[in-house]
2 protein chains.
Amino acid sequence: MAKRATIPFDTLVIEPNSGTPLTRQLYNLLRHHITGGRVPIGTRLPSTRALSQQLGIGRNTVLAAYDQLLAEGYVKSETGSGTWVAFSPAIPSSRPASILAQPKLSRRGEILAREPQMPRSPKTVNFQPGFPETITFPYSTWSRLLSQNARHRGGDMVGYYDYAGHQRLRRAIASYIGVARGVDCDPEQVIVVTGAQAALDLVSRVVLDEGDQVWIEDPGYLGAHSALLGGGARLSALRVDRNGWNLDDPALPPPRAIYVTPACQWPLGLTMGVNERMRLLALAEMHNAWVIEDDYDGEYRFRGQPVPALYGLDRSSRVIYIGTFGKILFSSLRLGFLVVPRGLSDSFGRAISVTGQFAPLLLQSTLADFMQEGHFAAHLRRMRRLYARRQAMLIDLCERHLDSWISITANDAGMQLLANLLPPWDDRQITSAARLHGVDVQPVSMNYRYQTPEHGLLLGFAALDEKNMHAAIAGLQATFRDLEAGAPKSGSSK
Amino acid sequence: MAKRATIPFDTLVIEPNSGTPLTRQLYNLLRHHITGGRVPIGTRLPSTRALSQQLGIGRNTVLAAYDQLLAEGYVKSETGSGTWVAFSPAIPSSRPASILAQPKLSRRGEILAREPQMPRSPKTVNFQPGFPETITFPYSTWSRLLSQNARHRGGDMVGYYDYAGHQRLRRAIASYIGVARGVDCDPEQVIVVTGAQAALDLVSRVVLDEGDQVWIEDPGYLGAHSALLGGGARLSALRVDRNGWNLDDPALPPPRAIYVTPACQWPLGLTMGVNERMRLLALAEMHNAWVIEDDYDGEYRFRGQPVPALYGLDRSSRVIYIGTFGKILFSSLRLGFLVVPRGLSDSFGRAISVTGQFAPLLLQSTLADFMQEGHFAAHLRRMRRLYARRQAMLIDLCERHLDSWISITANDAGMQLLANLLPPWDDRQITSAARLHGVDVQPVSMNYRYQTPEHGLLLGFAALDEKNMHAAIAGLQATFRDLEAGAPKSGSSK
């Protein structure tokens with residue numbers, strides 16, 4: 001039965017001026033004694049009146065502290081029977097906490113966690129590929145539309161909504177890619193997600209099972225590589241070189257899916273010609289495989305019109321098209337989309353309700369306005385012209401200052417250029433050295449997983465104004481001179 | 001060798017006033033003939049001069065059209081040899097497009113796509129649980145901070161960044177949950193994602209492999225159920241009823257992870273007492289299992305202080321804590337977070353770089369400001385008081401108008417109350433009928449996957465002002481009367 005323990009309760013001391021609320025002090029003290037085992041289970045606590053008199057505090061204060069202990073299960077109470085201790089600490093484990101087993105990540109978790117993060121150096125000129133020009137982005141327009149949308153309190157802004165995306169944005173995207181990319185689709189086929197990486201991850205999980213075979217370009221985009229591996233795929237190299245895609249490689253097993261970047265191959269910058277496109281689709285048809293078309297730089301063609309997407313040649317609803325706004329607007333926007341076959345919108349929407357890759361409605365509706373008011377198209381046109389100029393400037397500077405070490409060719413497409421190395425150096429040593437000279441640049445070899453890597457540098461020119469581009473070139477020049485002065489580092493035998 | 005075909009080229013007709021640019025018209029025509037097989041592979045195209053004279057258009061126009069065909073691979077050219085057709089259409093498949101095999105979703109894709117989407121009716125009063133009050137949300141403050149952050153063009157706003165989240169926000173969150181939830185952690189342990197669902201999905205993939213055993217509360221939260229299944233887990237029911245969690249159920253296999261909602265069990269609303277918490281941690285320790293603590297409603301305690309999170313009792317770094325802002329601010333914000341053991345931040349950040357579950361920097365930095373300026377805490381305090389009043393109003397209205405059909409008890413925690421059915425009706429029939437009476441309400445039974453379901457209604461009161469709550473109660477009353485008048489639908493035998 002309940003014992004009347006008096007010793008710990010007599011010794012309770014409350015500090016009225018300590019700054020900690022009295023209720024909390026009392027709660028802390030009582031809990032401390034209970035969890036310390038100094039008030040055995042079954043011990044009845046003093047009545048609230050008695051304890052309040054003893055401590056010289058209000059009865060409500062005591063009541064509140066008891067209520068908290070009750071809510072957490074340290075004590076129990078029954079009308080008429082008072083309140084008694086209901087918790088007994090376990091005998092402490094004889095093993096110290098540090099020896100207790102620590103759960104580990106799963107095997108899949110280890111795969112997901114292996115994704116190489118590119119070390120970013122804040123004090124370097126960013127020559128990395130994939131960064132759009134942002135200084136001249138129309139922030140005031142964007143900001144104005146953002147505010148307008150933030151003030152709108154309608155149901156479609158603040159509640160839950162169609163997981164596949166904001167309806168107006170899906171319409172704007174369908175309209176845009178119909179004209180700009182030859183992707184003829186209904187708004188319902190457009191699925192909005194939190195960026196291209198999320199699109200790659202989602203499609204990997206929805207169309208693949210563990211162990212499924214996937215052809216991936218080699219060299220190829222590492223983000224796709226990681227997403228496919230994260231989805232459990234077994235990858236085979238679809239070898240790409242200057243002559244194109246090696247589609248009839250006898251080493252390739254029958255695929256469940258094929259990943260390609262046909263508008264501007266990452267990283268080599270080729271455009272897949274129509275013959276290869278037809279051959280790819282024929283193979284996909286033969287194997288009943290999905291084709292994942294990653295159109296990341298599809299907008300940026302500097303001569304003539306952008307080449308229409310592969311999607312448009314598909315007769316059998318097997319191409320899943322991936323687009324992103326990150327390279328057109330700004331990357332921290334995190335908005336991308338997929339175009340999926342009619343009839344699968346619902347499934348993809350539901351899948352997103354599980355993966356949680358929802359883009360915030362506010363940004364979706366703001367972008368919808370931005371597109372519908374014509375700012376998006378205007379920005380794209382400005383950027384195309386700007387990037388064409390910057391590419392020309394890059395080529396000129398490379399020819400004038402770096403021609404002993406690299407050869408660079410113009411490309412009709414893309415926000416970056418591939419610089420081939422003339423001396424047989426390892427491009428990763430160049431990029432490490434370049435960082436010391438204040439330039440952050442990507443080695444081409446890191447994009448190879450299966451073939452013997454070619455070595456070179458992928459130079460992202462889009463975000464560099466004249467001053468920064470000169471600084472970047474100067475940094476590379478200093479880097480090359482240093483490397484020449486030291487022992488040459490051969491990359492060709494790797 | 002190249003034949004000189006004249007027939008198709010002689011018949012080319014350009015419409016200068018058609019509205020379509022001349023280059024595009026010519027490109028379309030030529031491509032049409034080439035893909036139609038009417039210009040055999042190897043045929044030399046007329047010289048640009050000849051064709052421009054023939055058609056009466058500028059030579060640059062012809063050149064641009066040829067360039068586009070070249071870029072796409074329909075033609076090839078060599079200086080001095082002219083331009084010739086390089087594409088030959090494949091013999092059309094004898095199978096019509098509709099009979100071609102259509103790739104299907106993977107088995108996992110089917111699982112992900114099975115997530116039940118709750119049908120939303122725009123014309124109903126929303127009595128669904130989980131929706132916070134949003135009418136009185138301080139939009140002008142939020143909007144102002146949003147604009148400020150949108151105008152900021154620093155590197156941390158528009159470039160790529162730490163995948164684990166915005167540094168200031170991680171600090172603000174660590175600080176807040178330290179005080180409010182007893183979750184004592186470094187900012188580095190906080191991983192920001194696109195909402196609680198993304199957090200559940202991420203943790204499922206990072207700590208589990210296909211086939212791993214997981215205990216999940218039954219009844220339990222369906223979003224977690226889907227995320228765990230989507231990650232390939234094998235689920236076992238951790239049975240919960242009014243008396244608590246059946247942790248020592250002999251039917252439970254050794255788990256790799258245990259999913260619980262200890263602050264406010266979904267959907268029953270219980271708070272896990274300290275004895276059960278200690279028992280749960282002891283079991284997790286014994287099995288070296290992860291514990292996934294979903295603290296979705298942890299803030300909303302109406303009497304006394306919120307019960308500290310289970311995380312705080314963990315001595316062996318096995319609790320992964322999940323929090324969300326969706327139920328405090330507004331759900332379309334899509335911001336949630338995990339707290340992971342020290343040493344695993346890097347792995348989780350890298351995993352997000354694969355899953356793409358990044359929350360946009362703009363919203364992260366805006367929220368950081370909102371928290372640091374004190375608006376978040378103020379809003380939370382207001383909401384707690386408001387929800388306490390609304391809960392009281394709901395109980396009063398239910399007692400006065402619905403007591404023939406439901407019994408409802410106050411709860412110290414949560415944004416919803418569980419209404420038990422007095423007549424032995426099937427709650428899904430009630431919710432269908434209620435929709436016809438303009439009320440959108442959730443059946444409790446849908447949260448059961450393993451045990452015999454209890455039937456009841458989960459009434460979300462947080463977002464209902466007086467007028468809407470009266471309307472909702474009136475709708476339910478009409479629903480119940482209708483059901484009484486028709487044949488009673490028994491739910492008890494299911």
# chains A, B, ... in the order shown; residues from 1 in each chain; ligands from 1

call {"tool": "interface_residues", "arguments": {"of": "chain B", "to": "chain A", "cutoff": "6 Å", "atoms": "only C-alpha atoms", "output": "PDB file with N, CA and C atoms, in the first residue's frame"}}
result
ATOM      1  N   GLU B  72      19.789  18.564 -86.612  1.00  0.00           N
ATOM      2  CA  GLU B  72      18.968  17.443 -86.155  1.00  0.00           C
ATOM      3  C   GLU B  72      19.348  16.134 -86.801  1.00  0.00           C
ATOM      4  N   GLY B  73      20.228  16.189 -87.776  1.00  0.00           N
ATOM      5  CA  GLY B  73      20.715  14.935 -88.358  1.00  0.00           C
ATOM      6  C   GLY B  73      19.941  14.459 -89.563  1.00  0.00           C
ATOM      7  N   PRO B 103       5.244   0.010 -71.702  1.00  0.00           N
ATOM      8  CA  PRO B 103       5.943  -0.327 -70.456  1.00  0.00           C
ATOM      9  C   PRO B 103       5.054  -0.016 -69.254  1.00  0.00           C
ATOM     10  N   LEU B 105       4.447   0.316 -64.918  1.00  0.00           N
ATOM     11  CA  LEU B 105       5.126   0.709 -63.687  1.00  0.00           C
ATOM     12  C   LEU B 105       5.769  -0.525 -63.062  1.00  0.00           C
ATOM     13  N   SER B 106       6.791  -0.301 -62.255  1.00  0.00           N
ATOM     14  CA  SER B 106       7.406  -1.420 -61.544  1.00  0.00           C
ATOM     15  C   SER B 106       6.482  -1.858 -60.413  1.00  0.00           C
ATOM     16  N   ARG B 108       7.261  -1.838 -57.345  1.00  0.00           N
ATOM     17  CA  ARG B 108       7.386  -0.798 -56.328  1.00  0.00           C
ATOM     18  C   ARG B 108       6.578   0.433 -56.725  1.00  0.00           C
ATOM     19  N   GLY B 109       6.574   0.750 -58.020  1.00  0.00           N
ATOM     20  CA  GLY B 109       5.787   1.878 -58.514  1.00  0.00           C
ATOM     21  C   GLY B 109       4.318   1.680 -58.213  1.00  0.00           C
ATOM     22  N   LEU B 112       3.814   2.434 -54.572  1.00  0.00           N
ATOM     23  CA  LEU B 112       3.826   3.883 -54.341  1.00  0.00           C
ATOM     24  C   LEU B 112       2.540   4.525 -54.858  1.00  0.00           C
ATOM     25  N   ALA B 113       2.021   3.984 -55.944  1.00  0.00           N
ATOM     26  CA  ALA B 113       0.842   4.592 -56.563  1.00  0.00           C
ATOM     27  C   ALA B 113      -0.449   4.174 -55.890  1.00  0.00           C
ATOM     28  N   GLU B 115      -1.147   4.663 -52.761  1.00  0.00           N
ATOM     29  CA  GLU B 115      -1.434   5.559 -51.648  1.00  0.00           C
ATOM     30  C   GLU B 115      -2.832   6.142 -51.829  1.00  0.00           C
ATOM     31  N   SER B 143       4.761  37.810 -45.771  1.00  0.00           N
ATOM     32  CA  SER B 143       4.953  38.363 -47.095  1.00  0.00           C
ATOM     33  C   SER B 143       6.105  39.357 -47.125  1.00  0.00           C
ATOM     34  N   SER B 147       9.511  38.887 -49.301  1.00  0.00           N
ATOM     35  CA  SER B 147      10.027  39.864 -50.256  1.00  0.00           C
ATOM     36  C   SER B 147      11.463  40.250 -49.952  1.00  0.00           C
ATOM     37  N   ALA B 150      13.562  37.524 -51.016  1.00  0.00           N
ATOM     38  CA  ALA B 150      13.579  37.343 -52.468  1.00  0.00           C
ATOM     39  C   ALA B 150      14.485  38.364 -53.133  1.00  0.00           C
ATOM     40  N   VAL B 158      20.786  31.998 -54.149  1.00  0.00           N
ATOM     41  CA  VAL B 158      20.453  31.577 -55.505  1.00  0.00           C
ATOM     42  C   VAL B 158      21.309  30.430 -56.042  1.00  0.00           C
ATOM     43  N   GLY B 159      22.387  30.137 -55.386  1.00  0.00           N
ATOM     44  CA  GLY B 159      23.200  29.044 -55.908  1.00  0.00           C
ATOM     45  C   GLY B 159      22.821  27.720 -55.274  1.00  0.00           C
ATOM     46  N   GLN B 197       6.150  14.291 -44.879  1.00  0.00           N
ATOM     47  CA  GLN B 197       6.097  13.097 -45.713  1.00  0.00           C
ATOM     48  C   GLN B 197       7.463  12.805 -46.320  1.00  0.00           C
ATOM     49  N   ALA B 198       8.143  13.868 -46.774  1.00  0.00           N
ATOM     50  CA  ALA B 198       9.487  13.693 -47.318  1.00  0.00           C
ATOM     51  C   ALA B 198      10.423  13.161 -46.235  1.00  0.00           C
ATOM     52  N   ASP B 201       9.737   9.496 -45.857  1.00  0.00           N
ATOM     53  CA  ASP B 201      10.232   8.766 -47.018  1.00  0.00           C
ATOM     54  C   ASP B 201      11.757   8.668 -46.972  1.00  0.00           C
ATOM     55  N   VAL B 206      16.862   5.516 -45.990  1.00  0.00           N
ATOM     56  CA  VAL B 206      18.236   5.603 -45.510  1.00  0.00           C
ATOM     57  C   VAL B 206      18.543   4.597 -44.404  1.00  0.00           C
ATOM     58  N   VAL B 207      17.542   4.232 -43.603  1.00  0.00           N
ATOM     59  CA  VAL B 207      17.844   3.291 -42.517  1.00  0.00           C
ATOM     60  C   VAL B 207      17.331   1.882 -42.777  1.00  0.00           C
ATOM     61  N   LEU B 208      16.563   1.701 -43.843  1.00  0.00           N
ATOM     62  CA  LEU B 208      16.000   0.386 -44.116  1.00  0.00           C
ATOM     63  C   LEU B 208      16.444  -0.156 -45.463  1.00  0.00           C
ATOM     64  N   ASP B 209      16.579  -1.467 -45.516  1.00  0.00           N
ATOM     65  CA  ASP B 209      16.722  -2.153 -46.787  1.00  0.00           C
ATOM     66  C   ASP B 209      15.412  -2.883 -47.083  1.00  0.00           C
ATOM     67  N   SER B 226       2.670   4.241 -45.910  1.00  0.00           N
ATOM     68  CA  SER B 226       3.052   4.285 -47.327  1.00  0.00           C
ATOM     69  C   SER B 226       4.548   4.506 -47.516  1.00  0.00           C
ATOM     70  N   ALA B 227       5.100   5.415 -46.728  1.00  0.00           N
ATOM     71  CA  ALA B 227       6.533   5.707 -46.892  1.00  0.00           C
ATOM     72  C   ALA B 227       7.358   4.461 -46.563  1.00  0.00           C
ATOM     73  N   GLY B 273       3.094   7.451 -21.969  1.00  0.00           N
ATOM     74  CA  GLY B 273       3.627   7.774 -20.646  1.00  0.00           C
ATOM     75  C   GLY B 273       5.093   7.373 -20.538  1.00  0.00           C
ATOM     76  N   VAL B 274       5.720   7.864 -19.518  1.00  0.00           N
ATOM     77  CA  VAL B 274       7.162   7.646 -19.409  1.00  0.00           C
ATOM     78  C   VAL B 274       7.522   6.165 -19.241  1.00  0.00           C
ATOM     79  N   ASN B 288      18.670  -3.449 -31.118  1.00  0.00           N
ATOM     80  CA  ASN B 288      19.477  -2.477 -31.863  1.00  0.00           C
ATOM     81  C   ASN B 288      18.678  -1.875 -33.031  1.00  0.00           C
ATOM     82  N   PHE B 330       1.313  26.739 -42.438  1.00  0.00           N
ATOM     83  CA  PHE B 330       0.308  26.272 -43.376  1.00  0.00           C
ATOM     84  C   PHE B 330       0.919  25.138 -44.192  1.00  0.00           C
ATOM     85  N   SER B 331       0.065  24.200 -44.567  1.00  0.00           N
ATOM     86  CA  SER B 331       0.574  22.962 -45.133  1.00  0.00           C
ATOM     87  C   SER B 331       1.231  23.133 -46.488  1.00  0.00           C
ATOM     88  N   SER B 332       0.793  24.090 -47.274  1.00  0.00           N
ATOM     89  CA  SER B 332       1.383  24.201 -48.603  1.00  0.00           C
ATOM     90  C   SER B 332       2.783  24.798 -48.542  1.00  0.00           C
ATOM     91  N   LEU B 333       3.237  25.143 -47.349  1.00  0.00           N
ATOM     92  CA  LEU B 333       4.607  25.615 -47.179  1.00  0.00           C
ATOM     93  C   LEU B 333       5.602  24.504 -47.449  1.00  0.00           C
ATOM     94  N   ARG B 334       5.238  23.283 -47.085  1.00  0.00           N
ATOM     95  CA  ARG B 334       6.073  22.111 -47.355  1.00  0.00           C
ATOM     96  C   ARG B 334       7.464  22.245 -46.741  1.00  0.00           C
ATOM     97  N   SER B 347      25.674  12.061 -44.077  1.00  0.00           N
ATOM     98  CA  SER B 347      25.035  11.002 -44.852  1.00  0.00           C
ATOM     99  C   SER B 347      23.628  11.400 -45.276  1.00  0.00           C
ATOM    100  N   ARG B 350      23.796  14.038 -48.019  1.00  0.00           N
ATOM    101  CA  ARG B 350      24.114  13.440 -49.317  1.00  0.00           C
ATOM    102  C   ARG B 350      22.938  12.662 -49.876  1.00  0.00           C
ATOM    103  N   ALA B 351      22.217  11.988 -49.001  1.00  0.00           N
ATOM    104  CA  ALA B 351      21.056  11.236 -49.475  1.00  0.00           C
ATOM    105  C   ALA B 351      20.037  12.196 -50.102  1.00  0.00           C
ATOM    106  N   VAL B 354      20.468  13.070 -53.581  1.00  0.00           N
ATOM    107  CA  VAL B 354      19.996  12.060 -54.536  1.00  0.00           C
ATOM    108  C   VAL B 354      18.473  12.095 -54.678  1.00  0.00           C
ATOM    109  N   THR B 355      17.776  12.241 -53.541  1.00  0.00           N
ATOM    110  CA  THR B 355      16.312  12.207 -53.597  1.00  0.00           C
ATOM    111  C   THR B 355      15.721  13.526 -54.060  1.00  0.00           C
ATOM    112  N   GLY B 356      16.535  14.597 -53.988  1.00  0.00           N
ATOM    113  CA  GLY B 356      16.032  15.880 -54.465  1.00  0.00           C
ATOM    114  C   GLY B 356      14.956  16.484 -53.582  1.00  0.00           C
ATOM    115  N   GLN B 357      14.892  16.073 -52.311  1.00  0.00           N
ATOM    116  CA  GLN B 357      13.831  16.596 -51.441  1.00  0.00           C
ATOM    117  C   GLN B 357      14.244  17.915 -50.783  1.00  0.00           C
ATOM    118  N   PRO B 360      13.040  24.889 -51.006  1.00  0.00           N
ATOM    119  CA  PRO B 360      13.637  26.074 -51.622  1.00  0.00           C
ATOM    120  C   PRO B 360      14.262  26.988 -50.569  1.00  0.00           C
ATOM    121  N   LEU B 361      15.455  27.463 -50.865  1.00  0.00           N
ATOM    122  CA  LEU B 361      16.192  28.333 -49.951  1.00  0.00           C
ATOM    123  C   LEU B 361      15.381  29.543 -49.529  1.00  0.00           C
TER     124      LEU B 361
END

call {"tool": "select_by_dssp", "arguments": {"residues": "region 215-334 of chain A", "states": "strand (DSSP E)", "output": "VMD selection string"}}
result
chain A and resid 215 to 218 234 to 241 244 to 245 257 to 260 290 to 294 319 to 324

call {"tool": "write_last_selection", "arguments": {"atoms": "N, CA, C and O atoms", "output": "JSON list (two decimals), in the first residue's frame"}}
result
[["chain", "number", "residue", "atom", "x", "y", "z"],
["A", 215, "TRP", "N", 20.24, 1.25, -68.99],
["A", 215, "TRP", "CA", 21.37, 1.80, -69.74],
["A", 215, "TRP", "C", 21.52, 3.26, -69.32],
["A", 215, "TRP", "O", 20.55, 4.03, -69.38],
["A", 216, "ILE", "N", 22.74, 3.62, -68.96],
["A", 216, "ILE", "CA", 22.98, 5.03, -68.66],
["A", 216, "ILE", "C", 24.18, 5.50, -69.46],
["A", 216, "ILE", "O", 25.16, 4.76, -69.61],
["A", 217, "GLU", "N", 24.09, 6.70, -70.02],
["A", 217, "GLU", "CA", 25.18, 7.25, -70.80],
["A", 217, "GLU", "C", 26.47, 7.23, -69.99],
["A", 217, "GLU", "O", 26.48, 7.48, -68.79],
["A", 218, "ASP", "N", 27.56, 6.90, -70.69],
["A", 218, "ASP", "CA", 28.86, 7.01, -70.06],
["A", 218, "ASP", "C", 29.82, 7.62, -71.06],
["A", 218, "ASP", "O", 30.03, 7.06, -72.13],
["A", 234, "ARG", "N", 20.42, -1.82, -61.78],
["A", 234, "ARG", "CA", 21.74, -2.29, -62.22],
["A", 234, "ARG", "C", 22.07, -1.55, -63.49],
["A", 234, "ARG", "O", 21.34, -1.64, -64.48],
["A", 235, "LEU", "N", 23.19, -0.84, -63.45],
["A", 235, "LEU", "CA", 23.50, 0.06, -64.55],
["A", 235, "LEU", "C", 24.47, -0.54, -65.55],
["A", 235, "LEU", "O", 25.43, -1.21, -65.16],
["A", 236, "SER", "N", 24.23, -0.28, -66.83],
["A", 236, "SER", "CA", 25.17, -0.65, -67.88],
["A", 236, "SER", "C", 25.51, 0.59, -68.68],
["A", 236, "SER", "O", 24.65, 1.45, -68.90],
["A", 237, "ALA", "N", 26.75, 0.66, -69.14],
["A", 237, "ALA", "CA", 27.21, 1.86, -69.83],
["A", 237, "ALA", "C", 26.71, 1.91, -71.26],
["A", 237, "ALA", "O", 27.02, 1.03, -72.06],
["A", 238, "LEU", "N", 25.96, 2.96, -71.59],
["A", 238, "LEU", "CA", 25.66, 3.28, -72.98],
["A", 238, "LEU", "C", 26.77, 4.25, -73.37],
["A", 238, "LEU", "O", 26.74, 5.44, -73.05],
["A", 239, "ARG", "N", 27.79, 3.69, -74.03],
["A", 239, "ARG", "CA", 28.99, 4.48, -74.28],
["A", 239, "ARG", "C", 28.73, 5.61, -75.27],
["A", 239, "ARG", "O", 28.10, 5.41, -76.32],
["A", 240, "VAL", "N", 29.22, 6.79, -74.91],
["A", 240, "VAL", "CA", 29.10, 7.96, -75.79],
["A", 240, "VAL", "C", 30.50, 8.51, -76.03],
["A", 240, "VAL", "O", 31.32, 8.55, -75.11],
["A", 241, "ASP", "N", 30.78, 8.88, -77.26],
["A", 241, "ASP", "CA", 32.02, 9.61, -77.55],
["A", 241, "ASP", "C", 31.70, 10.64, -78.62],
["A", 241, "ASP", "O", 30.53, 10.86, -78.96],
["A", 244, "GLY", "N", 29.13, 9.81, -81.17],
["A", 244, "GLY", "CA", 27.73, 9.57, -80.82],
["A", 244, "GLY", "C", 27.54, 8.47, -79.81],
["A", 244, "GLY", "O", 28.45, 8.08, -79.08],
["A", 245, "TRP", "N", 26.32, 7.95, -79.79],
["A", 245, "TRP", "CA", 25.89, 6.96, -78.81],
["A", 245, "TRP", "C", 26.06, 5.55, -79.39],
["A", 245, "TRP", "O", 25.55, 5.26, -80.48],
["A", 257, "ALA", "N", 15.02, 0.31, -68.75],
["A", 257, "ALA", "CA", 14.96, 1.74, -69.01],
["A", 257, "ALA", "C", 16.29, 2.21, -69.59],
["A", 257, "ALA", "O", 17.31, 1.57, -69.40],
["A", 258, "ILE", "N", 16.21, 3.32, -70.32],
["A", 258, "ILE", "CA", 17.40, 3.90, -70.94],
["A", 258, "ILE", "C", 17.42, 5.39, -70.61],
["A", 258, "ILE", "O", 16.43, 6.09, -70.87],
["A", 259, "TYR", "N", 18.52, 5.86, -70.04],
["A", 259, "TYR", "CA", 18.63, 7.27, -69.65],
["A", 259, "TYR", "C", 19.51, 8.01, -70.65],
["A", 259, "TYR", "O", 20.66, 7.62, -70.87],
["A", 260, "VAL", "N", 18.97, 9.08, -71.23],
["A", 260, "VAL", "CA", 19.75, 9.86, -72.20],
["A", 260, "VAL", "C", 19.53, 11.37, -72.03],
["A", 260, "VAL", "O", 18.48, 11.80, -71.54],
["A", 290, "TRP", "N", 11.41, 1.70, -70.97],
["A", 290, "TRP", "CA", 11.16, 3.12, -70.81],
["A", 290, "TRP", "C", 12.38, 3.89, -71.35],
["A", 290, "TRP", "O", 13.50, 3.41, -71.27],
["A", 291, "VAL", "N", 12.13, 5.09, -71.83],
["A", 291, "VAL", "CA", 13.23, 6.00, -72.15],
["A", 291, "VAL", "C", 13.08, 7.23, -71.26],
["A", 291, "VAL", "O", 12.02, 7.85, -71.21],
["A", 292, "ILE", "N", 14.12, 7.53, -70.51],
["A", 292, "ILE", "CA", 14.10, 8.72, -69.64],
["A", 292, "ILE", "C", 14.90, 9.80, -70.35],
["A", 292, "ILE", "O", 16.12, 9.70, -70.50],
["A", 293, "GLU", "N", 14.19, 10.82, -70.85],
["A", 293, "GLU", "CA", 14.84, 11.91, -71.58],
["A", 293, "GLU", "C", 15.06, 13.08, -70.64],
["A", 293, "GLU", "O", 14.11, 13.73, -70.20],
["A", 294, "ASP", "N", 16.30, 13.37, -70.33],
["A", 294, "ASP", "CA", 16.64, 14.49, -69.45],
["A", 294, "ASP", "C", 17.02, 15.68, -70.31],
["A", 294, "ASP", "O", 18.08, 15.71, -70.91],
["A", 319, "VAL", "N", 8.48, 7.37, -73.63],
["A", 319, "VAL", "CA", 9.46, 8.38, -73.22],
["A", 319, "VAL", "C", 8.90, 9.18, -72.05],
["A", 319, "VAL", "O", 7.79, 9.71, -72.11],
["A", 320, "ILE", "N", 9.65, 9.24, -70.98],
["A", 320, "ILE", "CA", 9.32, 10.11, -69.86],
["A", 320, "ILE", "C", 10.28, 11.29, -69.94],
["A", 320, "ILE", "O", 11.49, 11.11, -69.92],
["A", 321, "TYR", "N", 9.71, 12.47, -70.06],
["A", 321, "TYR", "CA", 10.50, 13.67, -70.30],
["A", 321, "TYR", "C", 10.73, 14.41, -68.98],
["A", 321, "TYR", "O", 9.80, 14.58, -68.20],
["A", 322, "ILE", "N", 11.97, 14.81, -68.73],
["A", 322, "ILE", "CA", 12.29, 15.55, -67.51],
["A", 322, "ILE", "C", 12.79, 16.94, -67.86],
["A", 322, "ILE", "O", 13.72, 17.09, -68.66],
["A", 323, "GLY", "N", 12.20, 17.96, -67.25],
["A", 323, "GLY", "CA", 12.65, 19.33, -67.45],
["A", 323, "GLY", "C", 12.88, 20.01, -66.13],
["A", 323, "GLY", "O", 12.41, 19.57, -65.09],
["A", 324, "THR", "N", 13.62, 21.10, -66.14],
["A", 324, "THR", "CA", 13.89, 21.81, -64.91],
["A", 324, "THR", "C", 13.88, 23.31, -65.15],
["A", 324, "THR", "O", 14.21, 23.77, -66.24]]

call {"tool": "closest_residue", "arguments": {"among": "B:Asn420, B:Thr20, B:Asp184, B:Pro254", "to": "Asp314 (chain B)", "atoms": "only C-alpha atoms"}}
result
B:Asp184

call {"tool": "atom_distance", "arguments": {"atom1": "CA of Gln451 (chain B)", "atom2": "CA of Ser407 (chain B)"}}
result
21.9 Å

call {"tool": "select_by_dssp", "arguments": {"residues": "region 130-304 of chain B", "states": "alpha helix (DSSP H)", "output": "ChimeraX atom specification"}}
result
/B:139-151,155-158,167-181,196-207,222-230,274-287

call {"tool": "residues_around", "arguments": {"residues": "Ala471 (chain B)", "least_positions_apart": "5", "cutoff": "9 Å", "atoms": "only C-alpha atoms", "output": "JSON, numbers by chain"}}
result
{"B": [125, 438, 439, 466, 476]}

call {"tool": "residues_around", "arguments": {"residues": "Leu397 (chain B)", "least_positions_apart": "6", "cutoff": "12 Å", "atoms": "only C-alpha atoms", "output": "NGL selection string"}}
result
:B and (390-391 or 403 or 406-408 or 461 or 466 or 469-474 or 476-477)

call {"tool": "write_last_selection", "arguments": {"atoms": "C-alpha atoms", "output": "PDB file, in the first residue's frame"}}
result
ATOM      1  CA  ARG B 390     -12.237  25.576 -30.396  1.00  0.00           C
ATOM      2  CA  GLN B 391     -11.876  22.181 -28.820  1.00  0.00           C
ATOM      3  CA  ASP B 403     -25.053  13.034 -28.207  1.00  0.00           C
ATOM      4  CA  ILE B 406     -21.357  10.068 -30.784  1.00  0.00           C
ATOM      5  CA  SER B 407     -19.455  10.379 -27.560  1.00  0.00           C
ATOM      6  CA  ILE B 408     -16.469  12.646 -27.479  1.00  0.00           C
ATOM      7  CA  PHE B 461     -11.468  21.498 -35.181  1.00  0.00           C
ATOM      8  CA  GLU B 466     -17.727  29.424 -35.025  1.00  0.00           C
ATOM      9  CA  MET B 469     -18.183  24.667 -36.870  1.00  0.00           C
ATOM     10  CA  HIS B 470     -21.908  25.164 -36.468  1.00  0.00           C
ATOM     11  CA  ALA B 471     -22.353  24.329 -40.143  1.00  0.00           C
ATOM     12  CA  ALA B 472     -20.262  21.191 -39.732  1.00  0.00           C
ATOM     13  CA  ILE B 473     -22.235  20.041 -36.690  1.00  0.00           C
ATOM     14  CA  ALA B 474     -25.515  20.742 -38.462  1.00  0.00           C
ATOM     15  CA  LEU B 476     -23.378  15.799 -39.195  1.00  0.00           C
ATOM     16  CA  GLN B 477     -26.697  15.979 -37.429  1.00  0.00           C
TER      17      GLN B 477
END
